[in-house]
>>> print(open('upload31.pdb').read())   # PDB, N, CA and C atoms and all ligand atoms
ATOM      1  N   MET A  43     -36.014 -78.850 163.488
ATOM      2  CA  MET A  43     -35.620 -80.026 162.721
ATOM      3  C   MET A  43     -34.416 -80.667 163.401
ATOM      4  N   SER A  44     -34.465 -81.970 163.572
ATOM      5  CA  SER A  44     -33.328 -82.660 164.179
ATOM      6  C   SER A  44     -32.249 -82.890 163.123
ATOM      7  N   ALA A  45     -31.030 -82.949 163.591
ATOM      8  CA  ALA A  45     -29.895 -83.106 162.686
ATOM      9  C   ALA A  45     -29.917 -84.498 162.056
ATOM     10  N   SER A  46     -29.422 -84.559 160.833
ATOM     11  CA  SER A  46     -29.270 -85.843 160.159
ATOM     12  C   SER A  46     -28.080 -86.607 160.720
ATOM     13  N   ASN A  47     -27.104 -85.852 161.205
ATOM     14  CA  ASN A  47     -25.889 -86.458 161.745
ATOM     15  C   ASN A  47     -25.172 -85.431 162.621
ATOM     16  N   ILE A  48     -24.480 -85.901 163.621
ATOM     17  CA  ILE A  48     -23.617 -85.031 164.421
ATOM     18  C   ILE A  48     -22.189 -85.510 164.176
ATOM     19  N   ALA A  49     -21.446 -84.727 163.415
ATOM     20  CA  ALA A  49     -20.083 -85.100 163.040
ATOM     21  C   ALA A  49     -19.070 -84.407 163.958
ATOM     22  N   VAL A  50     -17.852 -84.862 163.889
ATOM     23  CA  VAL A  50     -16.758 -84.200 164.600
ATOM     24  C   VAL A  50     -16.509 -82.850 163.927
ATOM     25  N   CYS A  51     -16.456 -81.798 164.717
ATOM     26  CA  CYS A  51     -16.159 -80.478 164.150
ATOM     27  C   CYS A  51     -14.654 -80.420 163.859
ATOM     28  N   PRO A  52     -14.285 -80.266 162.592
ATOM     29  CA  PRO A  52     -12.858 -80.272 162.267
ATOM     30  C   PRO A  52     -12.116 -79.071 162.838
ATOM     31  N   ARG A  53     -12.776 -77.938 162.948
ATOM     32  CA  ARG A  53     -12.093 -76.756 163.490
ATOM     33  C   ARG A  53     -11.896 -76.859 164.995
ATOM     34  N   CYS A  54     -12.925 -77.314 165.717
ATOM     35  CA  CYS A  54     -12.780 -77.479 167.169
ATOM     36  C   CYS A  54     -11.693 -78.505 167.478
ATOM     37  N   LEU A  55     -11.654 -79.600 166.721
ATOM     38  CA  LEU A  55     -10.635 -80.625 166.949
ATOM     39  C   LEU A  55      -9.249 -80.077 166.669
ATOM     40  N   LEU A  56      -9.084 -79.356 165.565
ATOM     41  CA  LEU A  56      -7.776 -78.793 165.227
ATOM     42  C   LEU A  56      -7.314 -77.789 166.288
ATOM     43  N   ARG A  57      -8.237 -76.967 166.752
ATOM     44  CA  ARG A  57      -7.877 -75.995 167.793
ATOM     45  C   ARG A  57      -7.443 -76.699 169.080
ATOM     46  N   ALA A  58      -8.131 -77.762 169.436
ATOM     47  CA  ALA A  58      -7.764 -78.507 170.644
ATOM     48  C   ALA A  58      -6.408 -79.187 170.468
ATOM     49  N   GLN A  59      -6.154 -79.715 169.281
ATOM     50  CA  GLN A  59      -4.854 -80.341 169.010
ATOM     51  C   GLN A  59      -3.739 -79.299 169.069
ATOM     52  N   ASP A  60      -3.994 -78.115 168.520
ATOM     53  CA  ASP A  60      -3.004 -77.032 168.573
ATOM     54  C   ASP A  60      -2.729 -76.608 170.019
ATOM     55  N   ALA A  61      -3.787 -76.501 170.820
ATOM     56  CA  ALA A  61      -3.627 -76.110 172.226
ATOM     57  C   ALA A  61      -2.839 -77.174 172.992
ATOM     58  N   HIS A  62      -3.121 -78.418 172.690
ATOM     59  CA  HIS A  62      -2.388 -79.512 173.324
ATOM     60  C   HIS A  62      -0.902 -79.422 172.988
ATOM     61  N   GLN A  63      -0.591 -79.237 171.709
ATOM     62  CA  GLN A  63       0.807 -79.153 171.284
ATOM     63  C   GLN A  63       1.507 -77.925 171.876
ATOM     64  N   ALA A  64       0.794 -76.830 171.964
ATOM     65  CA  ALA A  64       1.377 -75.622 172.552
ATOM     66  C   ALA A  64       1.722 -75.851 174.015
ATOM     67  N   GLU A  65       0.838 -76.529 174.736
ATOM     68  CA  GLU A  65       1.110 -76.819 176.147
ATOM     69  C   GLU A  65       2.282 -77.793 176.280
ATOM     70  N   VAL A  66       2.385 -78.749 175.356
ATOM     71  CA  VAL A  66       3.533 -79.670 175.383
ATOM     72  C   VAL A  66       4.834 -78.875 175.268
ATOM     73  N   LYS A  67       4.877 -77.930 174.329
ATOM     74  CA  LYS A  67       6.096 -77.116 174.138
ATOM     75  C   LYS A  67       6.408 -76.292 175.390
ATOM     76  N   VAL A  68       5.384 -75.715 175.988
ATOM     77  CA  VAL A  68       5.578 -74.928 177.209
ATOM     78  C   VAL A  68       6.134 -75.811 178.323
ATOM     79  N   LEU A  69       5.556 -76.995 178.468
ATOM     80  CA  LEU A  69       5.975 -77.880 179.554
ATOM     81  C   LEU A  69       7.387 -78.409 179.353
ATOM     82  N   VAL A  70       7.781 -78.614 178.112
ATOM     83  CA  VAL A  70       9.152 -79.074 177.851
ATOM     84  C   VAL A  70      10.156 -78.030 178.334
ATOM     85  N   THR A  71       9.882 -76.785 178.030
ATOM     86  CA  THR A  71      10.820 -75.732 178.437
ATOM     87  C   THR A  71      10.648 -75.336 179.901
ATOM     88  N   ALA A  72       9.479 -75.638 180.474
ATOM     89  CA  ALA A  72       9.225 -75.252 181.869
ATOM     90  C   ALA A  72       9.763 -76.261 182.874
ATOM     91  N   TYR A  73      10.176 -77.411 182.383
ATOM     92  CA  TYR A  73      10.654 -78.448 183.303
ATOM     93  C   TYR A  73      11.842 -77.917 184.109
ATOM     94  N   GLY A  74      11.713 -78.013 185.409
ATOM     95  CA  GLY A  74      12.780 -77.538 186.286
ATOM     96  C   GLY A  74      12.684 -76.066 186.646
ATOM     97  N   THR A  75      11.795 -75.352 185.966
ATOM     98  CA  THR A  75      11.662 -73.917 186.255
ATOM     99  C   THR A  75      10.393 -73.600 187.033
ATOM    100  N   ILE A  76       9.486 -74.567 187.128
ATOM    101  CA  ILE A  76       8.268 -74.398 187.929
ATOM    102  C   ILE A  76       8.243 -75.539 188.936
ATOM    103  N   PRO A  77       7.465 -75.378 190.023
ATOM    104  CA  PRO A  77       7.405 -76.454 191.024
ATOM    105  C   PRO A  77       7.050 -77.793 190.368
ATOM    106  N   ALA A  78       7.712 -78.841 190.825
ATOM    107  CA  ALA A  78       7.541 -80.174 190.242
ATOM    108  C   ALA A  78       6.094 -80.649 190.289
ATOM    109  N   GLU A  79       5.394 -80.357 191.394
ATOM    110  CA  GLU A  79       3.996 -80.787 191.495
ATOM    111  C   GLU A  79       3.127 -80.092 190.447
ATOM    112  N   GLU A  80       3.382 -78.808 190.252
ATOM    113  CA  GLU A  80       2.611 -78.071 189.239
ATOM    114  C   GLU A  80       2.916 -78.628 187.851
ATOM    115  N   TRP A  81       4.198 -78.869 187.611
ATOM    116  CA  TRP A  81       4.586 -79.398 186.300
ATOM    117  C   TRP A  81       3.906 -80.747 186.059
ATOM    118  N   ALA A  82       3.950 -81.627 187.030
ATOM    119  CA  ALA A  82       3.336 -82.958 186.883
ATOM    120  C   ALA A  82       1.826 -82.851 186.697
ATOM    121  N   ALA A  83       1.199 -81.945 187.427
ATOM    122  CA  ALA A  83      -0.254 -81.779 187.297
ATOM    123  C   ALA A  83      -0.616 -81.287 185.899
ATOM    124  N   ARG A  84       0.187 -80.380 185.373
ATOM    125  CA  ARG A  84      -0.097 -79.861 184.023
ATOM    126  C   ARG A  84       0.145 -80.934 182.964
ATOM    127  N   VAL A  85       1.169 -81.739 183.157
ATOM    128  CA  VAL A  85       1.422 -82.842 182.214
ATOM    129  C   VAL A  85       0.238 -83.810 182.246
ATOM    130  N   HIS A  86      -0.216 -84.136 183.447
ATOM    131  CA  HIS A  86      -1.339 -85.064 183.596
ATOM    132  C   HIS A  86      -2.615 -84.499 182.960
ATOM    133  N   ALA A  87      -2.830 -83.200 183.124
ATOM    134  CA  ALA A  87      -4.056 -82.571 182.611
ATOM    135  C   ALA A  87      -4.026 -82.379 181.098
ATOM    136  N   ASN A  88      -2.853 -82.368 180.517
ATOM    137  CA  ASN A  88      -2.722 -82.070 179.089
ATOM    138  C   ASN A  88      -2.810 -83.342 178.240
ATOM    139  N   ARG A  89      -3.960 -83.954 178.259
ATOM    140  CA  ARG A  89      -4.164 -85.178 177.478
ATOM    141  C   ARG A  89      -4.461 -84.808 176.021
ATOM    142  N   PRO A  90      -4.015 -85.651 175.099
ATOM    143  CA  PRO A  90      -4.343 -85.403 173.688
ATOM    144  C   PRO A  90      -5.863 -85.413 173.498
ATOM    145  N   PRO A  91      -6.390 -84.516 172.704
ATOM    146  CA  PRO A  91      -7.840 -84.485 172.510
ATOM    147  C   PRO A  91      -8.347 -85.732 171.787
ATOM    148  N   GLU A  92      -9.485 -86.210 172.238
ATOM    149  CA  GLU A  92     -10.141 -87.345 171.588
ATOM    150  C   GLU A  92     -11.147 -86.794 170.575
ATOM    151  N   PRO A  93     -11.048 -87.201 169.312
ATOM    152  CA  PRO A  93     -11.978 -86.670 168.301
ATOM    153  C   PRO A  93     -13.446 -86.801 168.712
ATOM    154  N   ARG A  94     -13.814 -87.888 169.362
ATOM    155  CA  ARG A  94     -15.231 -88.084 169.708
ATOM    156  C   ARG A  94     -15.747 -87.018 170.674
ATOM    157  N   GLN A  95     -14.827 -86.351 171.371
ATOM    158  CA  GLN A  95     -15.252 -85.282 172.277
ATOM    159  C   GLN A  95     -15.732 -84.050 171.519
ATOM    160  N   PHE A  96     -15.504 -84.025 170.210
ATOM    161  CA  PHE A  96     -15.830 -82.840 169.422
ATOM    162  C   PHE A  96     -16.954 -83.111 168.431
ATOM    163  N   ARG A  97     -17.817 -84.054 168.787
ATOM    164  CA  ARG A  97     -18.977 -84.335 167.934
ATOM    165  C   ARG A  97     -20.013 -83.257 168.196
ATOM    166  N   MET A  98     -19.844 -82.137 167.510
ATOM    167  CA  MET A  98     -20.720 -80.987 167.715
ATOM    168  C   MET A  98     -21.038 -80.264 166.415
ATOM    169  N   PHE A  99     -20.707 -80.898 165.282
ATOM    170  CA  PHE A  99     -20.957 -80.304 163.969
ATOM    171  C   PHE A  99     -22.262 -80.914 163.432
ATOM    172  N   ALA A 100     -23.361 -80.201 163.669
ATOM    173  CA  ALA A 100     -24.690 -80.717 163.305
ATOM    174  C   ALA A 100     -24.916 -80.585 161.805
ATOM    175  N   GLU A 101     -25.170 -81.721 161.178
ATOM    176  CA  GLU A 101     -25.393 -81.747 159.729
ATOM    177  C   GLU A 101     -26.867 -82.029 159.432
ATOM    178  N   TYR A 102     -27.378 -81.324 158.446
ATOM    179  CA  TYR A 102     -28.747 -81.523 157.968
ATOM    180  C   TYR A 102     -28.650 -81.742 156.469
ATOM    181  N   TYR A 103     -29.199 -82.843 156.000
ATOM    182  CA  TYR A 103     -29.159 -83.062 154.560
ATOM    183  C   TYR A 103     -30.382 -83.812 154.076
ATOM    184  N   GLU A 104     -30.666 -83.545 152.811
ATOM    185  CA  GLU A 104     -31.807 -84.185 152.187
ATOM    186  C   GLU A 104     -31.480 -84.382 150.727
ATOM    187  N   ILE A 105     -31.815 -85.524 150.206
ATOM    188  CA  ILE A 105     -31.621 -85.837 148.793
ATOM    189  C   ILE A 105     -32.986 -86.182 148.240
ATOM    190  N   SER A 106     -33.377 -85.495 147.162
ATOM    191  CA  SER A 106     -34.732 -85.702 146.645
ATOM    192  C   SER A 106     -34.770 -85.460 145.139
ATOM    193  N   GLY A 107     -35.881 -85.800 144.542
ATOM    194  CA  GLY A 107     -36.160 -85.417 143.165
ATOM    195  C   GLY A 107     -35.880 -86.443 142.093
ATOM    196  N   ALA A 108     -35.500 -87.653 142.440
ATOM    197  CA  ALA A 108     -35.180 -88.647 141.407
ATOM    198  C   ALA A 108     -36.337 -88.815 140.425
ATOM    199  N   GLU A 109     -37.561 -88.755 140.920
ATOM    200  CA  GLU A 109     -38.722 -88.959 140.052
ATOM    201  C   GLU A 109     -38.870 -87.859 139.000
ATOM    202  N   THR A 110     -38.219 -86.736 139.198
ATOM    203  CA  THR A 110     -38.283 -85.642 138.225
ATOM    204  C   THR A 110     -37.150 -85.724 137.205
ATOM    205  N   GLY A 111     -36.178 -86.588 137.467
ATOM    206  CA  GLY A 111     -35.027 -86.693 136.574
ATOM    207  C   GLY A 111     -33.868 -85.820 137.014
ATOM    208  N   THR A 112     -34.089 -84.995 138.013
ATOM    209  CA  THR A 112     -33.031 -84.161 138.567
ATOM    210  C   THR A 112     -32.970 -84.399 140.071
ATOM    211  N   VAL A 113     -31.834 -84.827 140.548
ATOM    212  CA  VAL A 113     -31.649 -85.089 141.972
ATOM    213  C   VAL A 113     -31.094 -83.827 142.628
ATOM    214  N   THR A 114     -31.734 -83.410 143.693
ATOM    215  CA  THR A 114     -31.306 -82.226 144.432
ATOM    216  C   THR A 114     -30.717 -82.659 145.768
ATOM    217  N   VAL A 115     -29.531 -82.149 146.056
ATOM    218  CA  VAL A 115     -28.859 -82.422 147.322
ATOM    219  C   VAL A 115     -28.801 -81.115 148.110
ATOM    220  N   ASP A 116     -29.481 -81.097 149.248
ATOM    221  CA  ASP A 116     -29.434 -79.946 150.158
ATOM    222  C   ASP A 116     -28.602 -80.341 151.363
ATOM    223  N   TYR A 117     -27.641 -79.493 151.697
ATOM    224  CA  TYR A 117     -26.764 -79.784 152.829
ATOM    225  C   TYR A 117     -26.548 -78.517 153.637
ATOM    226  N   GLY A 118     -26.618 -78.652 154.930
ATOM    227  CA  GLY A 118     -26.291 -77.551 155.813
ATOM    228  C   GLY A 118     -25.662 -78.111 157.072
ATOM    229  N   ALA A 119     -24.701 -77.396 157.627
ATOM    230  CA  ALA A 119     -24.052 -77.857 158.851
ATOM    231  C   ALA A 119     -23.511 -76.662 159.614
ATOM    232  N   LYS A 120     -23.522 -76.796 160.931
ATOM    233  CA  LYS A 120     -22.993 -75.722 161.765
ATOM    234  C   LYS A 120     -22.535 -76.281 163.102
ATOM    235  N   CYS A 121     -21.432 -75.708 163.584
ATOM    236  CA  CYS A 121     -20.947 -76.005 164.922
ATOM    237  C   CYS A 121     -21.364 -74.852 165.827
ATOM    238  N   GLU A 122     -22.140 -75.156 166.841
ATOM    239  CA  GLU A 122     -22.598 -74.108 167.761
ATOM    240  C   GLU A 122     -21.469 -73.635 168.671
ATOM    241  N   THR A 123     -20.397 -74.390 168.766
ATOM    242  CA  THR A 123     -19.287 -74.012 169.638
ATOM    243  C   THR A 123     -18.385 -72.969 168.981
ATOM    244  N   CYS A 124     -17.980 -73.231 167.743
ATOM    245  CA  CYS A 124     -17.017 -72.315 167.104
ATOM    246  C   CYS A 124     -17.618 -71.530 165.941
ATOM    247  N   GLY A 125     -18.812 -71.889 165.508
ATOM    248  CA  GLY A 125     -19.463 -71.158 164.440
ATOM    249  C   GLY A 125     -19.118 -71.614 163.028
ATOM    250  N   LEU A 126     -18.290 -72.623 162.888
ATOM    251  CA  LEU A 126     -17.969 -73.148 161.564
ATOM    252  C   LEU A 126     -19.253 -73.617 160.888
ATOM    253  N   GLU A 127     -19.455 -73.228 159.638
ATOM    254  CA  GLU A 127     -20.670 -73.644 158.965
ATOM    255  C   GLU A 127     -20.473 -73.771 157.468
ATOM    256  N   LEU A 128     -21.370 -74.528 156.859
ATOM    257  CA  LEU A 128     -21.355 -74.754 155.416
ATOM    258  C   LEU A 128     -22.771 -75.075 154.985
ATOM    259  N   SER A 129     -23.168 -74.527 153.843
ATOM    260  CA  SER A 129     -24.453 -74.943 153.281
ATOM    261  C   SER A 129     -24.367 -74.834 151.766
ATOM    262  N   PHE A 130     -25.037 -75.746 151.101
ATOM    263  CA  PHE A 130     -25.096 -75.696 149.638
ATOM    264  C   PHE A 130     -26.267 -76.523 149.143
ATOM    265  N   ARG A 131     -26.626 -76.242 147.911
ATOM    266  CA  ARG A 131     -27.644 -77.030 147.213
ATOM    267  C   ARG A 131     -27.079 -77.316 145.834
ATOM    268  N   ASN A 132     -27.057 -78.567 145.467
ATOM    269  CA  ASN A 132     -26.603 -78.951 144.129
ATOM    270  C   ASN A 132     -27.675 -79.784 143.461
ATOM    271  N   LYS A 133     -27.788 -79.583 142.159
ATOM    272  CA  LYS A 133     -28.753 -80.355 141.371
ATOM    273  C   LYS A 133     -28.002 -81.123 140.309
ATOM    274  N   TYR A 134     -28.395 -82.362 140.129
ATOM    275  CA  TYR A 134     -27.749 -83.237 139.142
ATOM    276  C   TYR A 134     -28.823 -83.877 138.269
ATOM    277  N   ARG A 135     -28.718 -83.648 136.984
ATOM    278  CA  ARG A 135     -29.615 -84.293 136.032
ATOM    279  C   ARG A 135     -29.146 -85.735 135.861
ATOM    280  N   ILE A 136     -30.065 -86.674 135.954
ATOM    281  CA  ILE A 136     -29.707 -88.087 135.793
ATOM    282  C   ILE A 136     -29.467 -88.335 134.308
ATOM    283  N   PRO A 137     -28.245 -88.732 133.936
ATOM    284  CA  PRO A 137     -27.961 -88.929 132.513
ATOM    285  C   PRO A 137     -28.686 -90.153 131.967
ATOM    286  N   GLY A 138     -29.082 -90.069 130.713
ATOM    287  CA  GLY A 138     -29.665 -91.219 130.035
ATOM    288  C   GLY A 138     -31.174 -91.311 130.093
ATOM    289  N   ILE A 139     -31.825 -90.336 130.724
ATOM    290  CA  ILE A 139     -33.290 -90.401 130.829
ATOM    291  C   ILE A 139     -33.937 -90.384 129.448
ATOM    292  N   ASP A 140     -33.410 -89.572 128.538
ATOM    293  CA  ASP A 140     -34.013 -89.400 127.216
ATOM    294  C   ASP A 140     -33.476 -90.382 126.181
ATOM    295  N   THR A 141     -32.636 -91.313 126.612
ATOM    296  CA  THR A 141     -32.076 -92.274 125.663
ATOM    297  C   THR A 141     -33.188 -93.185 125.145
ATOM    298  N   PRO A 142     -33.367 -93.247 123.811
ATOM    299  CA  PRO A 142     -34.441 -94.100 123.285
ATOM    300  C   PRO A 142     -34.173 -95.586 123.575
ATOM    301  N   VAL A 143     -35.265 -96.305 123.746
ATOM    302  CA  VAL A 143     -35.139 -97.742 123.986
ATOM    303  C   VAL A 143     -34.871 -98.437 122.653
ATOM    304  N   ARG A 144     -33.870 -99.284 122.621
ATOM    305  CA  ARG A 144     -33.552-100.058 121.408
ATOM    306  C   ARG A 144     -34.012-101.490 121.609
ATOM    307  N   ARG A 145     -34.259-102.150 120.526
ATOM    308  CA  ARG A 145     -34.664-103.562 120.605
ATOM    309  C   ARG A 145     -33.600-104.345 121.374
ATOM    310  N   GLY A 146     -34.024-105.119 122.349
ATOM    311  CA  GLY A 146     -33.103-105.917 123.153
ATOM    312  C   GLY A 146     -32.727-105.262 124.473
ATOM    313  N   ASP A 147     -33.001-103.934 124.611
ATOM    314  CA  ASP A 147     -32.722-103.271 125.888
ATOM    315  C   ASP A 147     -33.777-103.667 126.916
ATOM    316  N   PRO A 148     -33.384-103.707 128.167
ATOM    317  CA  PRO A 148     -34.420-103.938 129.203
ATOM    318  C   PRO A 148     -35.417-102.782 129.205
ATOM    319  N   SER A 149     -36.665-103.095 129.431
ATOM    320  CA  SER A 149     -37.674-102.029 129.421
ATOM    321  C   SER A 149     -37.937-101.510 130.793
TER
HETATM  322 ZN    ZN B   1     -16.502 -76.240 166.061
END
>>> encode(input="upload31.pdb", output="structure tokens", more="lines below")
Ligand SMILES: [Zn+2]
Amino acid sequence: MSASNIAVCPRCLLRAQDAHQAEVKVLVTAYGTIPAEEWAARVHANRPPEPRQFRMFAEYYEISGAETGTVTVDYGAKCETCGLELSFRNKYRIPGIDTPVRRGDPS
């Protein structure tokens, strides 16, 4: 089954942001203590992560059942990179189905 959507994986993005910040802290304290070329190369390589680079959270969802009076929402998602996943099924009864029709109400 193909995914309904490929979303940004929030865990992969957060981990990349944390790694970026950790490298920033290292480079701040390393200035002058490592060769200048190495320091500059590491600064250049340590770009802030772009959220679009982490579109790896495959979502599958289906909404059905309105004709029965109960709408079922099935959702599943997983990131193949970090293993983050979520799945659930919720059912919602449509309110007002049994409300009697009164004179003047639309039919
Ligand atoms: Zn992930």
>>> atom_distance(input="upload31.pdb", atom1="CA of Phe130 in chain A", atom2="CA of Ser106 in chain A")
14.2 Å
>>> closest_atom_pairs(input="upload31.pdb", of="chain A", to="ligand ZN 1 (chain B)", cutoff="7 Å", atoms="only N, CA and C atoms and all ligand atoms", output="CSV")
residue,atom,partner,partner_atom,distance
A:Val50,C,B:ZN1,ZN,6.9
A:Cys51,CA,B:ZN1,ZN,4.7
A:Pro52,N,B:ZN1,ZN,5.8
A:Arg53,C,B:ZN1,ZN,4.8
A:Cys54,N,B:ZN1,ZN,3.8
A:Leu55,N,B:ZN1,ZN,5.9
A:Met98,C,B:ZN1,ZN,6.1
A:Phe99,N,B:ZN1,ZN,6.3
A:Lys120,C,B:ZN1,ZN,6.7
A:Cys121,CA,B:ZN1,ZN,4.6
A:Glu122,N,B:ZN1,ZN,5.8
A:Thr123,C,B:ZN1,ZN,4.8
A:Cys124,N,B:ZN1,ZN,3.8
A:Gly125,N,B:ZN1,ZN,5.0
A:Leu126,N,B:ZN1,ZN,5.1
>>> write_last_selection(input="upload31.pdb", atoms="N, CA and C atoms", output="PDB file, in the frame of the given file")
ATOM      1  N   VAL A  50     -17.852 -84.862 163.889  1.00  0.00           N
ATOM      2  CA  VAL A  50     -16.758 -84.200 164.600  1.00  0.00           C
ATOM      3  C   VAL A  50     -16.509 -82.850 163.927  1.00  0.00           C
ATOM      4  N   CYS A  51     -16.456 -81.798 164.717  1.00  0.00           N
ATOM      5  CA  CYS A  51     -16.159 -80.478 164.150  1.00  0.00           C
ATOM      6  C   CYS A  51     -14.654 -80.420 163.859  1.00  0.00           C
ATOM      7  N   PRO A  52     -14.285 -80.266 162.592  1.00  0.00           N
ATOM      8  CA  PRO A  52     -12.858 -80.272 162.267  1.00  0.00           C
ATOM      9  C   PRO A  52     -12.116 -79.071 162.838  1.00  0.00           C
ATOM     10  N   ARG A  53     -12.776 -77.938 162.948  1.00  0.00           N
ATOM     11  CA  ARG A  53     -12.093 -76.756 163.490  1.00  0.00           C
ATOM     12  C   ARG A  53     -11.896 -76.859 164.995  1.00  0.00           C
ATOM     13  N   CYS A  54     -12.925 -77.314 165.717  1.00  0.00           N
ATOM     14  CA  CYS A  54     -12.780 -77.479 167.169  1.00  0.00           C
ATOM     15  C   CYS A  54     -11.693 -78.505 167.478  1.00  0.00           C
ATOM     16  N   LEU A  55     -11.654 -79.600 166.721  1.00  0.00           N
ATOM     17  CA  LEU A  55     -10.635 -80.625 166.949  1.00  0.00           C
ATOM     18  C   LEU A  55      -9.249 -80.077 166.669  1.00  0.00           C
ATOM     19  N   MET A  98     -19.844 -82.137 167.510  1.00  0.00           N
ATOM     20  CA  MET A  98     -20.720 -80.987 167.715  1.00  0.00           C
ATOM     21  C   MET A  98     -21.038 -80.264 166.415  1.00  0.00           C
ATOM     22  N   PHE A  99     -20.707 -80.898 165.282  1.00  0.00           N
ATOM     23  CA  PHE A  99     -20.957 -80.304 163.969  1.00  0.00           C
ATOM     24  C   PHE A  99     -22.262 -80.914 163.432  1.00  0.00           C
ATOM     25  N   LYS A 120     -23.522 -76.796 160.931  1.00  0.00           N
ATOM     26  CA  LYS A 120     -22.993 -75.722 161.765  1.00  0.00           C
ATOM     27  C   LYS A 120     -22.535 -76.281 163.102  1.00  0.00           C
ATOM     28  N   CYS A 121     -21.432 -75.708 163.584  1.00  0.00           N
ATOM     29  CA  CYS A 121     -20.947 -76.005 164.922  1.00  0.00           C
ATOM     30  C   CYS A 121     -21.364 -74.852 165.827  1.00  0.00           C
ATOM     31  N   GLU A 122     -22.140 -75.156 166.841  1.00  0.00           N
ATOM     32  CA  GLU A 122     -22.598 -74.108 167.761  1.00  0.00           C
ATOM     33  C   GLU A 122     -21.469 -73.635 168.671  1.00  0.00           C
ATOM     34  N   THR A 123     -20.397 -74.390 168.766  1.00  0.00           N
ATOM     35  CA  THR A 123     -19.287 -74.012 169.638  1.00  0.00           C
ATOM     36  C   THR A 123     -18.385 -72.969 168.981  1.00  0.00           C
ATOM     37  N   CYS A 124     -17.980 -73.231 167.743  1.00  0.00           N
ATOM     38  CA  CYS A 124     -17.017 -72.315 167.104  1.00  0.00           C
ATOM     39  C   CYS A 124     -17.618 -71.530 165.941  1.00  0.00           C
ATOM     40  N   GLY A 125     -18.812 -71.889 165.508  1.00  0.00           N
ATOM     41  CA  GLY A 125     -19.463 -71.158 164.440  1.00  0.00           C
ATOM     42  C   GLY A 125     -19.118 -71.614 163.028  1.00  0.00           C
ATOM     43  N   LEU A 126     -18.290 -72.623 162.888  1.00  0.00           N
ATOM     44  CA  LEU A 126     -17.969 -73.148 161.564  1.00  0.00           C
ATOM     45  C   LEU A 126     -19.253 -73.617 160.888  1.00  0.00           C
TER      46      LEU A 126
END
>>> closest_residue(input="upload31.pdb", among="A:Val68, A:Ala78, A:Val113, A:Ala58", to="Pro91 in chain A", atoms="all atoms listed in the file")
A:Ala58
>>> atom_distance(input="upload31.pdb", atom1="CA of Glu80 in chain A", atom2="atom C of Asp60 in chain A")
20.0 Å
>>> select_by_dssp(input="upload31.pdb", residues="chain A", states="strand (DSSP E)", output="PyMOL selection string")
chain A and resi 47-50+97-106+112-121+127-135
>>> closest_residue(input="upload31.pdb", among="A:Val66, A:Ala72, A:Ala100, A:Leu128", to="Asn88 in chain A", atoms="all atoms listed in the file")
A:Val66
>>> atom_distance(input="upload31.pdb", atom1="atom N of Gln63 in chain A", atom2="CA of Asn47 in chain A")
28.1 Å
>>> residues_around(input="upload31.pdb", residues="range 114-119 of chain A", least_positions_apart="2", cutoff="7 Å", atoms="only C-alpha atoms", output="list in words")
Phe99, Ala100, Glu101, Tyr102, Tyr103, Glu104, Ile105, Ser106, Gly107, Thr112, Glu127, Leu128, Ser129, Phe130, Arg131, Asn132, Lys133 and Tyr134 of chain A
>>> select_by_dssp(input="upload31.pdb", residues="chain A", states="helix (DSSP H, G or I)", output="PyMOL selection string")
chain A and resi 52-72+78-87+93-96+108-110
>>> decode(input="upload31.pdb", residues="range 52-63 of chain A", atoms="N, CA and C atoms", output="short mmCIF file (atom, residue, chain, number, x, y, z; two decimals), in the first residue's frame")
data_model
loop_
_atom_site.label_atom_id
_atom_site.label_comp_id
_atom_site.auth_asym_id
_atom_site.auth_seq_id
_atom_site.Cartn_x
_atom_site.Cartn_y
_atom_site.Cartn_z
N PRO A 52 9.31 14.12 13.01
CA PRO A 52 9.67 15.08 14.06
C PRO A 52 10.87 14.62 14.88
N ARG A 53 11.04 13.33 15.05
CA ARG A 53 12.19 12.86 15.84
C ARG A 53 13.49 12.99 15.07
N CYS A 54 13.49 12.63 13.79
CA CYS A 54 14.71 12.77 12.98
C CYS A 54 15.11 14.24 12.90
N LEU A 55 14.13 15.13 12.72
CA LEU A 55 14.44 16.56 12.64
C LEU A 55 15.00 17.07 13.95
N LEU A 56 14.39 16.69 15.07
CA LEU A 56 14.88 17.13 16.37
C LEU A 56 16.30 16.62 16.64
N ARG A 57 16.55 15.38 16.28
CA ARG A 57 17.90 14.83 16.48
C ARG A 57 18.93 15.58 15.64
N ALA A 58 18.57 15.91 14.42
CA ALA A 58 19.49 16.66 13.55
C ALA A 58 19.72 18.07 14.10
N GLN A 59 18.67 18.69 14.61
CA GLN A 59 18.82 20.02 15.20
C GLN A 59 19.71 19.96 16.44
N ASP A 60 19.53 18.93 17.26
CA ASP A 60 20.37 18.75 18.45
C ASP A 60 21.84 18.54 18.06
N ALA A 61 22.07 17.73 17.03
CA ALA A 61 23.44 17.47 16.57
C ALA A 61 24.08 18.75 16.03
N HIS A 62 23.29 19.52 15.32
CA HIS A 62 23.78 20.80 14.80
C HIS A 62 24.19 21.72 15.95
N GLN A 63 23.33 21.84 16.95
CA GLN A 63 23.62 22.71 18.09
C GLN A 63 24.83 22.21 18.88
#
